[in-house]
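entry-v7.pdb, holding PDB, C-alpha atoms:
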MODEL        1
ATOM      1  CA  MET A   1      16.245   6.126  -8.784
ATOM      2  CA  GLN A   2      13.308   6.491  -6.409
ATOM      3  CA  THR A   3      13.282   5.301  -2.811
ATOM      4  CA  LEU A   4      10.296   3.282  -1.671
ATOM      5  CA  THR A   5       9.770   3.189   2.075
ATOM      6  CA  ALA A   6       7.581   0.352   3.329
ATOM      7  CA  LEU A   7       6.074   1.304   6.680
ATOM      8  CA  VAL A   8       5.430  -1.828   8.711
ATOM      9  CA  PHE A   9       4.202  -2.777  12.166
ATOM     10  CA  ASP A  10       3.558  -5.903  14.200
ATOM     11  CA  ASP A  11       0.864  -8.147  12.707
ATOM     12  CA  PHE A  12       1.144  -6.753   9.177
ATOM     13  CA  GLU A  13      -0.294  -8.864   6.349
ATOM     14  CA  THR A  14       2.463 -10.841   4.633
ATOM     15  CA  LEU A  15       1.492 -10.478   0.979
ATOM     16  CA  ASP A  16       0.403  -6.848   1.423
ATOM     17  CA  LEU A  17       4.087  -6.142   1.887
ATOM     18  CA  PHE A  18       6.031  -8.765   0.013
ATOM     19  CA  GLY A  19       3.798  -8.890  -3.061
ATOM     20  CA  PRO A  20       4.481  -5.274  -4.084
ATOM     21  CA  ILE A  21       8.085  -5.483  -2.831
ATOM     22  CA  GLU A  22       8.741  -8.437  -5.143
ATOM     23  CA  LEU A  23       7.484  -6.398  -8.091
ATOM     24  CA  PHE A  24       9.269  -3.144  -7.293
ATOM     25  CA  GLY A  25      12.361  -5.149  -6.420
ATOM     26  CA  SER A  26      12.359  -6.576  -9.936
ATOM     27  CA  LEU A  27      13.418  -3.110 -11.140
ATOM     28  CA  PRO A  28      16.527  -2.493  -8.993
ATOM     29  CA  ASN A  29      17.788   0.285 -11.236
ATOM     30  CA  ASP A  30      14.586   2.237 -10.749
ATOM     31  CA  PHE A  31      13.552   1.562  -7.159
ATOM     32  CA  ARG A  32      15.512   1.426  -3.907
ATOM     33  CA  ILE A  33      13.635  -0.220  -1.002
ATOM     34  CA  GLN A  34      13.870   0.471   2.731
ATOM     35  CA  PHE A  35      11.776  -1.046   5.514
ATOM     36  CA  ALA A  36      10.720   1.274   8.319
ATOM     37  CA  SER A  37       8.852   1.036  11.612
ATOM     38  CA  MET A  38       8.250   3.447  14.442
ATOM     39  CA  LYS A  39      11.093   2.258  16.659
ATOM     40  CA  GLY A  40      13.129   0.136  14.250
ATOM     41  CA  GLY A  41      14.409  -3.351  14.983
ATOM     42  CA  ILE A  42      12.602  -6.634  14.391
ATOM     43  CA  ILE A  43       8.927  -6.520  13.447
ATOM     44  CA  HIS A  44       6.887  -9.729  13.558
ATOM     45  CA  ASN A  45       3.778 -10.425  11.557
ATOM     46  CA  HIS A  46       0.954 -12.837  12.284
ATOM     47  CA  HIS A  47       2.496 -15.535  10.097
ATOM     48  CA  GLY A  48       5.675 -15.479  12.164
ATOM     49  CA  VAL A  49       7.746 -13.503   9.670
ATOM     50  CA  ALA A  50      10.513 -11.516  11.370
ATOM     51  CA  LEU A  51      11.593  -8.420   9.468
ATOM     52  CA  GLN A  52      14.507  -6.117  10.271
ATOM     53  CA  THR A  53      13.472  -2.464  10.047
ATOM     54  CA  VAL A  54      14.975   0.981  10.501
ATOM     55  CA  ALA A  55      13.342   3.558  12.774
ATOM     56  CA  VAL A  56      11.461   6.184  10.783
ATOM     57  CA  ALA A  57      13.606   8.894  12.373
ATOM     58  CA  LYS A  58      16.795   7.182  11.160
ATOM     59  CA  LEU A  59      15.951   6.399   7.540
ATOM     60  CA  ALA A  60      18.982   6.728   5.300
ATOM     61  CA  GLN A  61      17.068   7.927   2.248
ATOM     62  CA  GLN A  62      14.312  10.467   1.682
ATOM     63  CA  THR A  63      11.012   8.719   0.927
ATOM     64  CA  ASP A  64       9.808   9.189  -2.638
ATOM     65  CA  ILE A  65       7.184   6.443  -2.506
ATOM     66  CA  LEU A  66       5.466   5.495   0.756
ATOM     67  CA  LEU A  67       3.954   2.006   0.948
ATOM     68  CA  VAL A  68       1.410   1.519   3.742
ATOM     69  CA  VAL A  69       0.376  -2.088   4.255
ATOM     70  CA  GLY A  70      -2.585  -3.568   6.087
ATOM     71  CA  GLY A  71      -3.179  -6.462   8.416
ATOM     72  CA  LYS A  72      -4.497  -7.172  11.895
ATOM     73  CA  GLY A  73      -2.103  -4.633  13.380
ATOM     74  CA  THR A  74      -4.065  -1.771  11.854
ATOM     75  CA  ARG A  75      -6.852  -2.312  14.402
ATOM     76  CA  ALA A  76      -4.682  -0.994  17.232
ATOM     77  CA  LEU A  77      -2.832   1.629  15.215
ATOM     78  CA  ILE A  78      -5.928   3.641  14.321
ATOM     79  CA  ASN A  79      -5.928   4.715  17.986
ATOM     80  CA  ASP A  80      -2.191   5.446  18.128
ATOM     81  CA  SER A  81      -1.887   9.220  17.719
ATOM     82  CA  LYS A  82       1.921   9.161  17.519
ATOM     83  CA  PHE A  83       1.848   6.624  14.691
ATOM     84  CA  LEU A  84      -0.802   8.610  12.822
ATOM     85  CA  GLN A  85       1.233  11.807  13.179
ATOM     86  CA  THR A  86       4.329  10.064  11.834
ATOM     87  CA  LEU A  87       2.307   8.586   8.991
ATOM     88  CA  THR A  88       1.008  12.054   8.112
ATOM     89  CA  VAL A  89       4.515  13.525   7.942
ATOM     90  CA  LEU A  90       5.765  10.668   5.763
ATOM     91  CA  ALA A  91       2.758  10.953   3.443
ATOM     92  CA  ASP A  92       3.025  14.731   3.173
ATOM     93  CA  ASN A  93       6.695  14.525   2.218
ATOM     94  CA  ALA A  94       6.396  11.629  -0.234
ATOM     95  CA  ASP A  95       5.810  12.112  -3.936
ATOM     96  CA  TRP A  96       3.532   9.082  -3.988
ATOM     97  CA  VAL A  97       1.543   7.192  -1.339
ATOM     98  CA  LEU A  98       0.451   3.601  -1.960
ATOM     99  CA  SER A  99      -1.707   1.565   0.410
ATOM    100  CA  VAL A 100      -2.712  -2.079   0.398
ATOM    101  CA  CYS A 101      -5.798  -3.556   2.027
ATOM    102  CA  THR A 102      -6.598  -1.973   5.426
ATOM    103  CA  GLY A 103      -3.599   0.325   5.100
ATOM    104  CA  SER A 104      -6.106   2.811   3.716
ATOM    105  CA  ALA A 105      -7.894   2.775   7.089
ATOM    106  CA  LEU A 106      -4.760   4.255   8.669
ATOM    107  CA  LEU A 107      -4.515   6.932   5.993
ATOM    108  CA  ALA A 108      -8.205   7.723   6.398
ATOM    109  CA  LYS A 109      -8.044   7.918  10.176
ATOM    110  CA  ALA A 110      -5.116  10.328   9.941
ATOM    111  CA  GLY A 111      -7.124  12.568   7.608
ATOM    112  CA  ILE A 112      -4.681  12.012   4.763
ATOM    113  CA  LEU A 113      -7.409  10.806   2.391
ATOM    114  CA  ASP A 114      -9.902  13.575   3.126
ATOM    115  CA  HIS A 115     -11.799  14.484  -0.048
ATOM    116  CA  LYS A 116      -9.969  11.768  -1.989
ATOM    117  CA  ARG A 117     -11.274   8.700  -3.790
ATOM    118  CA  ALA A 118     -10.027   5.460  -2.200
ATOM    119  CA  THR A 119     -10.742   1.775  -1.738
ATOM    120  CA  SER A 120      -9.856  -1.026   0.660
ATOM    121  CA  ASN A 121     -10.353  -4.694   1.550
ATOM    122  CA  LYS A 122     -13.961  -5.737   0.954
ATOM    123  CA  ARG A 123     -13.998  -8.144   3.906
ATOM    124  CA  ALA A 124     -13.086  -5.266   6.226
ATOM    125  CA  TRP A 125     -15.087  -2.662   4.308
ATOM    126  CA  GLN A 126     -17.437  -1.563   7.077
ATOM    127  CA  TRP A 127     -14.651  -1.146   9.619
ATOM    128  CA  VAL A 128     -12.387   0.703   7.195
ATOM    129  CA  THR A 129     -15.036   3.123   5.981
ATOM    130  CA  GLU A 130     -16.040   3.894   9.583
ATOM    131  CA  GLN A 131     -12.605   5.470  10.077
ATOM    132  CA  SER A 132     -13.589   8.529   8.028
ATOM    133  CA  ASP A 133     -16.677   9.919   6.359
ATOM    134  CA  GLN A 134     -14.510  12.489   4.559
ATOM    135  CA  VAL A 135     -13.256   9.918   2.029
ATOM    136  CA  ASP A 136     -15.042   9.110  -1.226
ATOM    137  CA  TRP A 137     -14.948   5.344  -0.739
ATOM    138  CA  ILE A 138     -15.127   3.323  -3.977
ATOM    139  CA  LYS A 139     -16.159  -0.245  -3.225
ATOM    140  CA  GLN A 140     -16.039  -1.763  -6.710
ATOM    141  CA  ALA A 141     -12.402  -1.300  -7.614
ATOM    142  CA  ARG A 142      -9.229  -3.354  -7.635
ATOM    143  CA  TRP A 143      -7.338  -0.137  -6.955
ATOM    144  CA  VAL A 144      -8.091   3.579  -7.079
ATOM    145  CA  VAL A 145      -5.852   6.491  -8.074
ATOM    146  CA  ASP A 146      -6.469  10.034  -6.876
ATOM    147  CA  GLY A 147      -3.580  12.427  -7.391
ATOM    148  CA  LYS A 148      -0.530  11.023  -5.650
ATOM    149  CA  PHE A 149      -2.575   8.411  -3.785
ATOM    150  CA  TYR A 150      -2.956   4.798  -4.913
ATOM    151  CA  THR A 151      -5.171   2.636  -2.680
ATOM    152  CA  SER A 152      -5.884  -1.026  -3.327
ATOM    153  CA  SER A 153      -8.353  -3.634  -2.232
ATOM    154  CA  GLY A 154      -7.449  -6.812  -0.363
ATOM    155  CA  VAL A 155      -4.024  -8.453  -0.243
ATOM    156  CA  THR A 156      -3.206  -9.531  -3.841
ATOM    157  CA  ALA A 157      -4.799  -6.347  -5.178
ATOM    158  CA  GLY A 158      -1.680  -4.608  -3.910
ATOM    159  CA  MET A 159       0.294  -6.444  -6.587
ATOM    160  CA  ASP A 160      -2.077  -5.292  -9.319
ATOM    161  CA  MET A 161      -1.810  -1.744  -7.960
ATOM    162  CA  ALA A 162       1.985  -1.921  -7.846
ATOM    163  CA  LEU A 163       2.091  -2.982 -11.482
ATOM    164  CA  GLY A 164      -0.418  -0.246 -12.300
ATOM    165  CA  PHE A 165       1.859   2.271 -10.607
ATOM    166  CA  ILE A 166       4.882   0.957 -12.518
ATOM    167  CA  ALA A 167       2.902   1.185 -15.763
ATOM    168  CA  ASP A 168       1.940   4.784 -14.999
ATOM    169  CA  ARG A 169       5.512   5.792 -14.182
ATOM    170  CA  GLN A 170       7.672   3.489 -16.331
ATOM    171  CA  GLY A 171       5.289   2.472 -19.101
ATOM    172  CA  ARG A 172       3.066  -0.553 -19.630
ATOM    173  CA  ASP A 173       5.843  -2.550 -21.276
ATOM    174  CA  SER A 174       7.935  -2.300 -18.117
ATOM    175  CA  ALA A 175       5.012  -3.458 -15.984
ATOM    176  CA  LYS A 176       4.329  -6.369 -18.349
ATOM    177  CA  GLU A 177       7.970  -7.415 -18.207
ATOM    178  CA  VAL A 178       7.823  -7.499 -14.406
ATOM    179  CA  ALA A 179       4.557  -9.461 -14.467
ATOM    180  CA  ASP A 180       6.044 -11.956 -16.933
ATOM    181  CA  TYR A 181       9.269 -12.249 -14.937
ATOM    182  CA  THR A 182       7.334 -13.087 -11.767
ATOM    183  CA  GLU A 183       4.832 -15.256 -13.682
ATOM    184  CA  TYR A 184       2.008 -13.159 -12.281
ATOM    185  CA  ARG A 185      -1.306 -12.760 -14.101
ATOM    186  CA  TRP A 186      -1.789  -9.009 -13.784
ATOM    187  CA  GLN A 187      -5.333  -7.652 -13.585
ATOM    188  CA  GLU A 188      -4.639  -4.542 -15.644
ATOM    189  CA  ASP A 189      -8.069  -2.920 -15.366
ATOM    190  CA  SER A 190      -8.406  -1.306 -11.945
ATOM    191  CA  ARG A 191     -12.200  -1.236 -12.322
ATOM    192  CA  LEU A 192     -12.570  -5.014 -12.669
ATOM    193  CA  ASP A 193     -13.148  -6.313  -9.160
ATOM    194  CA  ASP A 194     -14.061  -9.986  -8.846
ATOM    195  CA  PHE A 195     -14.334  -9.649  -5.071
ATOM    196  CA  TYR A 196     -16.767  -6.729  -5.001
ATOM    197  CA  ASN A 197     -19.512  -8.762  -3.288
ATOM    198  CA  CYS A 198     -17.319 -10.614  -0.775
TER     199      CYS A 198
ENDMDL
END

Kindly transcribe the structure held in the file into structure tokens.
Amino acid sequence: MQTLTALVFDDFETLDLFGPIELFGSLPNDFRIQFASMKGGIIHNHHGVALQTVAVAKLAQQTDILLVVGGKGTRALINDSKFLQTLTVLADNADWVLSVCTGSALLAKAGILDHKRATSNKRAWQWVTEQSDQVDWIKQARWVVDGKFYTSSGVTAGMDMALGFIADRQGRDSAKEVADYTEYRWQEDSRLDDFYNC
């Protein structure tokens, strides 16, 4: 079983987090999920969701898969050196790093995506790509894989990426079963991006 740590913060985007969590959570024998934040306790997002988290320093399980979400809160965090240092340690120690939406801006700002291919939310594209010129930004992509890094475009793209990750690790049949169970129409081709010109 692999442990997925979702790193969250105030004003995270709801579906960035709970979309992938729903899918990974559909395979409880394969994935264990823990929610982390810098200080632990209750984190609130901009939709009023209150989420109980554990402080990064007190996580019960080693992180195999790191999930970095996006949202309005990323705008402040790109200037938070302590957060970026913590993010770097978590990413370095994880076997896999997955980001949704503007979560890739945090990875880029921390230097974690240097010389890697990556994507992000098209509506925040200019702001995200300004965080680093050392990243090979791929605009027309639902999600991008480079080594242990999976980065996805905006919001629901995180669900397509999560299923893509499951397919890569567990096989396509497993990913299809999860998609069918959740009645989700999975965009299986990471290169097909209907929102490229948004």

Give one line per residue of region 67-178 of chain A that approaches region 24-46 of chain A to at most 12 Å, naming the two atoms of the closest pair and their distance in Å to one decimal, counting only C-alpha atoms; sort by chain then ascending residue number and deliver it as a tab-separated table.
residue	atom	partner	partner_atom	distance
A:Leu67	CA	A:Phe35	CA	9.6
A:Val68	CA	A:Ala36	CA	10.4
A:Val69	CA	A:Phe35	CA	11.5
A:Gly70	CA	A:Asn45	CA	10.8
A:Gly71	CA	A:His46	CA	8.5
A:Lys72	CA	A:His46	CA	7.9
A:Gly73	CA	A:Asn45	CA	8.5
A:Thr74	CA	A:Asn45	CA	11.7
A:Leu77	CA	A:Met38	CA	11.3
A:Asp80	CA	A:Met38	CA	11.3
A:Lys82	CA	A:Met38	CA	9.1
A:Phe83	CA	A:Met38	CA	7.2
A:Leu84	CA	A:Met38	CA	10.5
A:Gln85	CA	A:Met38	CA	11.0
A:Thr86	CA	A:Met38	CA	8.1
A:Leu87	CA	A:Met38	CA	9.6
A:Leu90	CA	A:Ala36	CA	10.9
A:Gly158	CA	A:Phe24	CA	11.6
A:Met159	CA	A:Phe24	CA	9.6
A:Asp160	CA	A:Phe24	CA	11.7
A:Met161	CA	A:Phe24	CA	11.2
A:Ala162	CA	A:Phe24	CA	7.4
A:Leu163	CA	A:Phe24	CA	8.3
A:Gly164	CA	A:Phe24	CA	11.3
A:Phe165	CA	A:Phe24	CA	9.8
A:Ile166	CA	A:Phe24	CA	8.0
A:Ala167	CA	A:Phe24	CA	11.4
A:Arg169	CA	A:Asp30	CA	10.3
A:Gln170	CA	A:Asp30	CA	9.0
A:Ser174	CA	A:Leu27	CA	8.9
A:Ala175	CA	A:Phe24	CA	9.7
A:Lys176	CA	A:Ser26	CA	11.6
A:Glu177	CA	A:Ser26	CA	9.4
A:Val178	CA	A:Ser26	CA	6.4

Hits of the PyMOL selection byres ((chain A and resi 127-141) around 7) in this structure, as a PyMOL selection string
chain A and resi 102+105+108-109+113-119+124-126+142-144+190-193+196

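Going from CA of His47 (chain A) over to CA of Val8 (chain A), you cover 14.1 Å.
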
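Relative to CA of Glu183 (chain A), CA of Ser104 (chain A) is found at 27.4 Å.
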
Using the chain letters and numbers from this file, what does the PyMOL selection byres ((chain A and resi 16-20) around 6) select? Give the answer as number ranges by chain.
A: 13-15, 21-23, 69, 100, 155, 159, 162

Take CA of Leu51 (chain A) and CA of Ala94 (chain A) and report the distance between them in Å, one decimal.
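Going from CA of Leu51 (chain A) over to CA of Ala94 (chain A), I get 22.9 Å.
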
Please determine an axis-aligned box that encloses all atoms of region 178-194 of chain A listed in the file, with 4 Å added on each side, and express its centre and edge lengths in Å to one decimal as JSON.
{"center_x": -2.4, "center_y": -8.2, "center_z": -12.9, "size_x": 31.3, "size_y": 22.0, "size_z": 16.1}
